[in-house]
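entry10.txt (compact mmCIF, C-alpha atoms)
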```txt
# COMPACT_ATOMS: atom_id res chain seq x y z
CA MET A 1 180.62 17.35 -54.04
CA LYS A 2 179.22 15.42 -51.07
CA ARG A 3 178.75 11.65 -50.95
CA ALA A 4 175.42 10.47 -52.32
CA ASP A 5 175.21 7.09 -50.58
CA TYR A 6 175.22 8.22 -46.95
CA ILE A 7 172.63 6.65 -44.64
CA SER A 8 169.39 8.36 -43.64
CA TRP A 9 168.56 9.36 -40.07
CA ASP A 10 166.18 6.40 -39.82
CA GLU A 11 168.88 3.99 -41.04
CA TYR A 12 171.39 5.50 -38.64
CA PHE A 13 169.20 5.24 -35.54
CA MET A 14 167.85 1.79 -36.43
CA GLY A 15 171.45 0.75 -37.09
CA VAL A 16 172.38 1.85 -33.56
CA ALA A 17 169.45 -0.19 -32.21
CA LEU A 18 170.52 -3.26 -34.19
CA LEU A 19 174.15 -2.84 -33.14
CA SER A 20 173.04 -2.57 -29.50
CA ALA A 21 171.14 -5.84 -29.93
CA GLN A 22 174.48 -7.55 -30.54
CA ARG A 23 175.29 -7.04 -26.83
CA SER A 24 172.41 -9.34 -25.84
CA LYS A 25 173.43 -12.73 -24.49
CA ASP A 26 170.00 -14.22 -25.19
CA PRO A 27 170.61 -17.27 -27.43
CA ASN A 28 167.23 -16.90 -29.20
CA THR A 29 166.24 -13.26 -29.47
CA GLN A 30 168.47 -10.21 -29.62
CA VAL A 31 166.67 -6.87 -29.54
CA GLY A 32 168.15 -3.39 -29.26
CA ALA A 33 166.57 0.02 -28.84
CA CYS A 34 167.73 3.56 -29.51
CA ILE A 35 165.96 6.66 -28.13
CA VAL A 36 166.36 9.93 -29.99
CA ASN A 37 165.22 13.37 -28.86
CA SER A 38 163.58 15.97 -31.09
CA ASP A 39 167.04 17.39 -31.95
CA LYS A 40 168.08 14.03 -33.49
CA LYS A 41 170.44 13.33 -30.58
CA ILE A 42 170.73 9.83 -29.16
CA VAL A 43 169.75 9.96 -25.49
CA GLY A 44 169.41 6.27 -24.66
CA VAL A 45 170.28 2.79 -25.90
CA GLY A 46 169.53 -0.65 -24.54
CA TYR A 47 169.29 -4.33 -25.33
CA ASN A 48 167.47 -7.30 -23.84
CA GLY A 49 169.23 -8.90 -20.90
CA PHE A 50 169.12 -9.54 -17.19
CA PRO A 51 169.23 -6.70 -14.65
CA SER A 52 172.64 -5.38 -13.60
CA GLY A 53 174.14 -7.52 -10.87
CA CYS A 54 172.20 -10.65 -11.87
CA ASP A 55 174.44 -13.48 -13.04
CA ASP A 56 173.56 -14.44 -16.61
CA ASP A 57 175.36 -17.75 -16.12
CA GLU A 58 173.06 -18.69 -13.24
CA LEU A 59 169.68 -17.45 -14.45
CA PRO A 60 167.93 -19.44 -17.20
CA TRP A 61 167.83 -18.46 -20.86
CA ASP A 62 165.20 -21.08 -21.76
CA ARG A 63 161.99 -20.15 -23.58
CA GLU A 64 159.96 -23.16 -22.47
CA GLY A 65 159.38 -24.96 -19.21
CA ALA A 66 158.15 -23.96 -15.78
CA TYR A 67 157.87 -20.15 -15.63
CA LEU A 68 160.67 -19.71 -13.07
CA ASP A 69 162.91 -21.92 -15.19
CA THR A 70 162.56 -19.63 -18.24
CA LYS A 71 164.06 -16.23 -19.03
CA TYR A 72 160.72 -14.42 -18.90
CA PRO A 73 160.49 -13.46 -15.22
CA TYR A 74 164.07 -12.14 -15.28
CA VAL A 75 164.85 -10.45 -18.60
CA CYS A 76 164.61 -6.68 -19.11
CA HIS A 77 163.57 -5.76 -22.64
CA ALA A 78 165.61 -3.41 -24.79
CA GLU A 79 163.05 -0.60 -24.65
CA LEU A 80 162.97 -0.55 -20.85
CA ASN A 81 166.76 -0.67 -20.67
CA ALA A 82 167.05 2.22 -23.15
CA ILE A 83 164.67 4.29 -20.99
CA LEU A 84 166.48 3.38 -17.76
CA ASN A 85 169.91 3.95 -19.35
CA SER A 86 168.90 7.31 -20.79
CA ILE A 87 171.23 10.24 -20.23
CA SER A 88 168.17 12.48 -20.02
CA ARG A 89 165.21 12.27 -17.67
CA ASP A 90 163.22 14.22 -20.24
CA LEU A 91 162.26 11.87 -23.08
CA LYS A 92 159.10 13.81 -23.93
CA ASN A 93 158.34 13.88 -27.65
CA GLY A 94 161.25 11.53 -28.36
CA THR A 95 161.37 8.62 -30.78
CA ILE A 96 162.37 5.05 -29.96
CA TYR A 97 163.83 2.83 -32.68
CA VAL A 98 163.44 -0.90 -32.08
CA ALA A 99 163.62 -3.92 -34.37
CA LEU A 100 160.69 -5.73 -32.77
CA PHE A 101 157.34 -4.10 -31.98
CA PRO A 102 157.14 -3.44 -28.19
CA CYS A 103 155.21 -5.70 -25.81
CA ASN A 104 152.57 -4.32 -23.44
CA GLU A 105 155.04 -3.93 -20.55
CA CYS A 106 157.42 -1.88 -22.68
CA ALA A 107 154.50 0.11 -24.10
CA LYS A 108 153.63 1.23 -20.56
CA ALA A 109 157.19 2.42 -19.96
CA ILE A 110 157.31 4.17 -23.35
CA ILE A 111 154.04 5.99 -22.65
CA GLN A 112 155.07 6.97 -19.12
CA SER A 113 158.43 8.31 -20.36
CA GLY A 114 156.72 10.69 -22.82
CA ILE A 115 158.12 9.11 -25.99
CA LYS A 116 155.72 9.95 -28.82
CA GLU A 117 156.91 7.79 -31.72
CA ILE A 118 157.91 4.16 -32.14
CA VAL A 119 159.82 3.16 -35.27
CA TYR A 120 160.08 -0.60 -35.73
CA LEU A 121 161.12 -3.19 -38.31
CA SER A 122 159.11 -6.29 -37.38
CA ASP A 123 155.65 -6.86 -35.96
CA LYS A 124 155.94 -10.66 -35.93
CA TYR A 125 153.90 -11.01 -32.73
CA ASP A 126 150.99 -8.96 -34.11
CA GLY A 127 147.69 -10.38 -32.86
CA THR A 128 149.11 -11.79 -29.62
CA ASP A 129 147.50 -10.57 -26.41
CA SER A 130 150.66 -8.65 -25.47
CA VAL A 131 150.81 -6.71 -28.75
CA VAL A 132 147.05 -6.15 -28.89
CA ALA A 133 147.22 -4.60 -25.40
CA SER A 134 150.32 -2.63 -26.40
CA LYS A 135 148.67 -1.14 -29.49
CA ARG A 136 145.50 -0.34 -27.55
CA MET A 137 147.43 1.66 -24.95
CA LEU A 138 149.75 3.32 -27.46
CA LYS A 139 146.80 4.47 -29.58
CA GLN A 140 144.98 5.91 -26.55
CA ALA A 141 148.16 7.72 -25.47
CA GLY A 142 148.67 9.23 -28.93
CA VAL A 143 151.97 7.49 -29.67
CA THR A 144 152.74 7.32 -33.40
CA LEU A 145 153.66 3.87 -34.75
CA ARG A 146 155.79 3.66 -37.87
CA LYS A 147 156.98 0.50 -39.58
CA LEU A 148 160.34 1.36 -41.14
CA GLU A 149 160.58 0.63 -44.83
CA LEU A 150 164.24 0.64 -45.81
CA LYS A 151 165.71 1.27 -49.26
CA ARG A 152 168.80 -0.83 -48.57
CA PRO A 153 168.64 -4.46 -47.38
CA ASP A 154 171.74 -4.28 -45.20
CA LEU A 155 174.58 -2.12 -44.03
CA HIS A 156 178.12 -3.41 -43.68
CA ILE A 157 180.31 -2.23 -40.82
CA SER A 158 184.02 -2.98 -40.82
CA PHE A 159 186.44 -2.49 -37.96
CA SER A 160 189.23 -1.97 -40.49
CA VAL A 161 189.97 1.73 -40.91
CA ASP A 162 192.54 1.13 -43.66
CA SER A 163 189.99 0.31 -46.35
```
Take the structure in the file and give it back as structure tokens.
Amino acid sequence: MKRADYISWDEYFMGVALLSAQRSKDPNTQVGACIVNSDKKIVGVGYNGFPSGCDDDELPWDREGAYLDTKYPYVCHAELNAILNSISRDLKNGTIYVALFPCNECAKAIIQSGIKEIVYLSDKYDGTDSVVASKRMLKQAGVTLRKLELKRPDLHISFSVDS
């Protein structure tokens, strides 16, 4: 008889996105993304961080201050990194799993890549100009938005294989 408590596809892919977020060096916000094709194969992952080759010890991680002294002009969001890191150039009809609802800049990249569904956990910036613009574009482009409702509150991962 098979195990009954195995995780669902949604839990698996969101788990990969959340695990990817742990690679982020941002001291305030860690976001990960996981792109899945229509065959339920992972084709891209990413997390928020600075572009390759940019020194994350020299660029600022601050959230407040003069624009050029904050992280905002430098950081690449998880969704964009997942698209750019994709092993496939064909993301059409794919799904992107992300903990935080995408901003307007990421929405543009998602639409242009052909991804047709966004699965997210939090929409904490709902009502901000960025998210209003994002939702406007995503709706016009026919991208499905799905807030993930999970049956389990957490998932424990252990590096011990002897348990």
At what distance in Å, to one decimal, does atom CA of Lys25 of chain A lie from atom CA of Asp56 of chain A?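 These two atoms are separated by 8.1 Å.
Going from atom CA of Leu91 of chain A to atom CA of Lys151 of chain A covers 28.5 Å.
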What lies within 9 Å of Leu138 of chain A using only C-alpha atoms, ignoring chain neighbours under 6 positions off, as a list in words? Ala107, Lys108, Ile110, Ile111, Thr144 and Leu145 of chain A
Writer output for current selection, C-alpha atoms, as a PDB file, in the frame of the given file:
```
ATOM      1  CA  ALA A 107     154.500   0.110 -24.100  1.00  0.00           C
ATOM      2  CA  LYS A 108     153.630   1.230 -20.560  1.00  0.00           C
ATOM      3  CA  ILE A 110     157.310   4.170 -23.350  1.00  0.00           C
ATOM      4  CA  ILE A 111     154.040   5.990 -22.650  1.00  0.00           C
ATOM      5  CA  THR A 144     152.740   7.320 -33.400  1.00  0.00           C
ATOM      6  CA  LEU A 145     153.660   3.870 -34.750  1.00  0.00           C
TER       7      LEU A 145
END
```
Interatomic distance between atom CA of Asn81 of chain A and atom CA of Ser113 of chain A? 12.3 Å
Env of Ile115 of chain A: 8 Å cut, atoms = all atoms listed in the file, seq-sep filter 6 positions within chain, self excluded. Answer as a PyMOL selection string. chain A and resi 91-96+143
Serialized selection, C-alpha atoms, as a CSV table (one decimal), keeping the file's coordinate frame:
```
chain,number,residue,atom,x,y,z
A,91,LEU,CA,162.3,11.9,-23.1
A,92,LYS,CA,159.1,13.8,-23.9
A,93,ASN,CA,158.3,13.9,-27.6
A,94,GLY,CA,161.2,11.5,-28.4
A,95,THR,CA,161.4,8.6,-30.8
A,96,ILE,CA,162.4,5.0,-30.0
A,143,VAL,CA,152.0,7.5,-29.7
```
Excluding segment 38-49 of chain A and residues on its chain fewer than 6 positions from it, collect all residues at most 6 Å away from it, counting only C-alpha atoms, and give them as a short mmCIF file (atom, residue, chain, number, x, y, z; two decimals) with C-alpha atoms, keeping the file's coordinate frame.
```
data_model
loop_
_atom_site.label_atom_id
_atom_site.label_comp_id
_atom_site.auth_asym_id
_atom_site.auth_seq_id
_atom_site.Cartn_x
_atom_site.Cartn_y
_atom_site.Cartn_z
CA SER A 20 173.04 -2.57 -29.50
CA ALA A 21 171.14 -5.84 -29.93
CA SER A 24 172.41 -9.34 -25.84
CA VAL A 31 166.67 -6.87 -29.54
CA GLY A 32 168.15 -3.39 -29.26
CA VAL A 75 164.85 -10.45 -18.60
CA CYS A 76 164.61 -6.68 -19.11
CA HIS A 77 163.57 -5.76 -22.64
CA ALA A 78 165.61 -3.41 -24.79
CA ASN A 81 166.76 -0.67 -20.67
CA ALA A 82 167.05 2.22 -23.15
CA ASN A 85 169.91 3.95 -19.35
CA SER A 86 168.90 7.31 -20.79
CA ILE A 87 171.23 10.24 -20.23
CA GLY A 94 161.25 11.53 -28.36
#
```
Smallest atom-to-atom distance to Leu155 of chain A: which of A:Asp55, A:Asp90, A:Asp62, A:Glu11, using only C-alpha atoms?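 Of A:Asp55, A:Asp90, A:Asp62, A:Glu11, the one nearest Leu155 of chain A, counting only C-alpha atoms, is A:Glu11.
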Closest to Tyr12 of chain A among A:Tyr120, A:Tyr125, A:Phe159, A:Tyr97, using all atoms listed in the file?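 Under the stated criterion, the closest residue is A:Tyr97.
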Of A:Gln140, A:Ile83, A:Leu121, A:Asp126, the one sitting nearest Asp10 of chain A when using all atoms listed in the file is A:Leu121
Considering all atoms listed in the file, state which residue in the set A:Ile118, A:Ala4, A:Leu68, A:Val16 is at the smallest distance from Lys139 of chain A.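 Closest residue, counting all atoms listed in the file: A:Ile118.
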Find, counting only C-alpha atoms, the residue in A:Glu79, A:Asp154, A:Glu58, A:Asp129 that gets nearest to Cys34 of chain A.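 Of A:Glu79, A:Asp154, A:Glu58, A:Asp129, the one nearest Cys34 of chain A is A:Glu79, counting only C-alpha atoms.
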For Leu18 of chain A, the nearest of the candidates A:Ala99, A:Arg152, A:Val132, A:Ser52, counting only C-alpha atoms: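 Ranking A:Ala99, A:Arg152, A:Val132, A:Ser52 by distance to Leu18 of chain A, first place goes to A:Ala99.
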Output file: segment 78-108 of chain A, N, CA, C and O atoms, as an mmCIF file, in the first residue's frame:
```cif
data_model
loop_
_atom_site.group_PDB
_atom_site.id
_atom_site.type_symbol
_atom_site.label_atom_id
_atom_site.label_comp_id
_atom_site.auth_asym_id
_atom_site.auth_seq_id
_atom_site.Cartn_x
_atom_site.Cartn_y
_atom_site.Cartn_z
ATOM 1 N N ALA A 78 12.943 37.192 -7.948
ATOM 2 C CA ALA A 78 12.964 35.745 -8.129
ATOM 3 C C ALA A 78 12.321 35.305 -9.440
ATOM 4 O O ALA A 78 12.833 34.416 -10.131
ATOM 5 N N GLU A 79 11.205 35.945 -9.800
ATOM 6 C CA GLU A 79 10.491 35.547 -11.012
ATOM 7 C C GLU A 79 11.346 35.779 -12.255
ATOM 8 O O GLU A 79 11.431 34.904 -13.125
ATOM 9 N N LEU A 80 11.984 36.950 -12.326
ATOM 10 C CA LEU A 80 12.846 37.246 -13.465
ATOM 11 C C LEU A 80 14.027 36.289 -13.502
ATOM 12 O O LEU A 80 14.395 35.780 -14.569
ATOM 13 N N ASN A 81 14.631 36.022 -12.354
ATOM 14 C CA ASN A 81 15.745 35.078 -12.320
ATOM 15 C C ASN A 81 15.313 33.680 -12.758
ATOM 16 O O ASN A 81 16.046 32.999 -13.482
ATOM 17 N N ALA A 82 14.131 33.242 -12.338
ATOM 18 C CA ALA A 82 13.651 31.915 -12.751
ATOM 19 C C ALA A 82 13.466 31.857 -14.269
ATOM 20 O O ALA A 82 13.806 30.858 -14.902
ATOM 21 N N ILE A 83 12.953 32.929 -14.851
ATOM 22 C CA ILE A 83 12.787 32.981 -16.308
ATOM 23 C C ILE A 83 14.149 32.972 -16.995
ATOM 24 O O ILE A 83 14.392 32.212 -17.936
ATOM 25 N N LEU A 84 15.058 33.816 -16.516
ATOM 26 C CA LEU A 84 16.390 33.899 -17.138
ATOM 27 C C LEU A 84 17.214 32.634 -16.926
ATOM 28 O O LEU A 84 18.048 32.284 -17.765
ATOM 29 N N ASN A 85 16.994 31.942 -15.803
ATOM 30 C CA ASN A 85 17.733 30.712 -15.493
ATOM 31 C C ASN A 85 17.087 29.472 -16.095
ATOM 32 O O ASN A 85 17.602 28.365 -15.927
ATOM 33 N N SER A 86 15.989 29.641 -16.778
ATOM 34 C CA SER A 86 15.236 28.499 -17.294
ATOM 35 C C SER A 86 16.069 27.641 -18.231
ATOM 36 O O SER A 86 16.872 28.146 -19.020
ATOM 37 N N ILE A 87 15.858 26.328 -18.136
ATOM 38 C CA ILE A 87 16.555 25.403 -19.032
ATOM 39 C C ILE A 87 15.835 25.284 -20.373
ATOM 40 O O ILE A 87 16.294 24.595 -21.264
ATOM 41 N N SER A 88 14.693 25.959 -20.473
ATOM 42 C CA SER A 88 13.908 25.915 -21.701
ATOM 43 C C SER A 88 13.615 27.342 -22.143
ATOM 44 O O SER A 88 13.301 28.193 -21.326
ATOM 45 N N ARG A 89 13.698 27.599 -23.418
ATOM 46 C CA ARG A 89 13.307 28.911 -23.932
ATOM 47 C C ARG A 89 11.806 28.948 -24.162
ATOM 48 O O ARG A 89 11.230 29.999 -24.360
ATOM 49 N N ASP A 90 11.177 27.785 -24.105
ATOM 50 C CA ASP A 90 9.734 27.717 -24.327
ATOM 51 C C ASP A 90 9.022 27.541 -22.992
ATOM 52 O O ASP A 90 8.947 26.434 -22.469
ATOM 53 N N LEU A 91 8.534 28.631 -22.428
ATOM 54 C CA LEU A 91 7.807 28.585 -21.162
ATOM 55 C C LEU A 91 6.300 28.719 -21.375
ATOM 56 O O LEU A 91 5.539 28.819 -20.416
ATOM 57 N N LYS A 92 5.884 28.688 -22.647
ATOM 58 C CA LYS A 92 4.478 28.877 -22.983
ATOM 59 C C LYS A 92 3.586 27.881 -22.233
ATOM 60 O O LYS A 92 3.881 26.695 -22.175
ATOM 61 N N ASN A 93 2.523 28.422 -21.669
ATOM 62 C CA ASN A 93 1.531 27.652 -20.927
ATOM 63 C C ASN A 93 2.068 27.063 -19.621
ATOM 64 O O ASN A 93 1.437 26.182 -19.038
ATOM 65 N N GLY A 94 3.210 27.541 -19.172
ATOM 66 C CA GLY A 94 3.774 27.083 -17.910
ATOM 67 C C GLY A 94 3.103 27.748 -16.719
ATOM 68 O O GLY A 94 2.238 28.620 -16.860
ATOM 69 N N THR A 95 3.522 27.306 -15.543
ATOM 70 C CA THR A 95 3.044 27.839 -14.276
ATOM 71 C C THR A 95 4.242 28.294 -13.468
ATOM 72 O O THR A 95 5.267 27.617 -13.445
ATOM 73 N N ILE A 96 4.131 29.450 -12.822
ATOM 74 C CA ILE A 96 5.184 29.915 -11.929
ATOM 75 C C ILE A 96 4.636 29.919 -10.508
ATOM 76 O O ILE A 96 3.540 30.421 -10.253
ATOM 77 N N TYR A 97 5.389 29.292 -9.603
ATOM 78 C CA TYR A 97 5.065 29.265 -8.183
ATOM 79 C C TYR A 97 5.957 30.276 -7.492
ATOM 80 O O TYR A 97 7.177 30.257 -7.671
ATOM 81 N N VAL A 98 5.344 31.168 -6.699
ATOM 82 C CA VAL A 98 6.100 32.209 -6.013
ATOM 83 C C VAL A 98 5.377 32.550 -4.715
ATOM 84 O O VAL A 98 4.141 32.568 -4.668
ATOM 85 N N ALA A 99 6.136 32.778 -3.653
ATOM 86 C CA ALA A 99 5.516 33.048 -2.358
ATOM 87 C C ALA A 99 4.800 34.392 -2.342
ATOM 88 O O ALA A 99 3.739 34.529 -1.748
ATOM 89 N N LEU A 100 5.374 35.385 -3.007
ATOM 90 C CA LEU A 100 4.860 36.746 -2.967
ATOM 91 C C LEU A 100 4.322 37.137 -4.339
ATOM 92 O O LEU A 100 4.996 36.921 -5.353
ATOM 93 N N PHE A 101 3.130 37.717 -4.381
ATOM 94 C CA PHE A 101 2.522 38.090 -5.659
ATOM 95 C C PHE A 101 3.482 38.982 -6.455
ATOM 96 O O PHE A 101 4.074 39.903 -5.912
ATOM 97 N N PRO A 102 3.648 38.738 -7.761
ATOM 98 C CA PRO A 102 4.635 39.460 -8.569
ATOM 99 C C PRO A 102 4.343 40.953 -8.750
ATOM 100 O O PRO A 102 3.195 41.366 -8.897
ATOM 101 N N CYS A 103 5.409 41.740 -8.766
ATOM 102 C CA CYS A 103 5.319 43.171 -9.044
ATOM 103 C C CYS A 103 5.052 43.388 -10.538
ATOM 104 O O CYS A 103 5.072 42.445 -11.329
ATOM 105 N N ASN A 104 4.859 44.627 -10.927
ATOM 106 C CA ASN A 104 4.564 44.948 -12.327
ATOM 107 C C ASN A 104 5.728 44.602 -13.259
ATOM 108 O O ASN A 104 5.513 44.161 -14.390
ATOM 109 N N GLU A 105 6.960 44.784 -12.802
ATOM 110 C CA GLU A 105 8.112 44.453 -13.661
ATOM 111 C C GLU A 105 8.173 42.952 -13.923
ATOM 112 O O GLU A 105 8.411 42.512 -15.044
ATOM 113 N N CYS A 106 7.962 42.166 -12.887
ATOM 114 C CA CYS A 106 7.969 40.712 -13.062
ATOM 115 C C CYS A 106 6.765 40.252 -13.877
ATOM 116 O O CYS A 106 6.868 39.317 -14.669
ATOM 117 N N ALA A 107 5.630 40.913 -13.700
ATOM 118 C CA ALA A 107 4.441 40.570 -14.490
ATOM 119 C C ALA A 107 4.731 40.710 -15.975
ATOM 120 O O ALA A 107 4.317 39.859 -16.774
ATOM 121 N N LYS A 108 5.441 41.765 -16.358
ATOM 122 C CA LYS A 108 5.790 41.948 -17.775
ATOM 123 C C LYS A 108 6.620 40.778 -18.281
ATOM 124 O O LYS A 108 6.358 40.253 -19.373
#
```
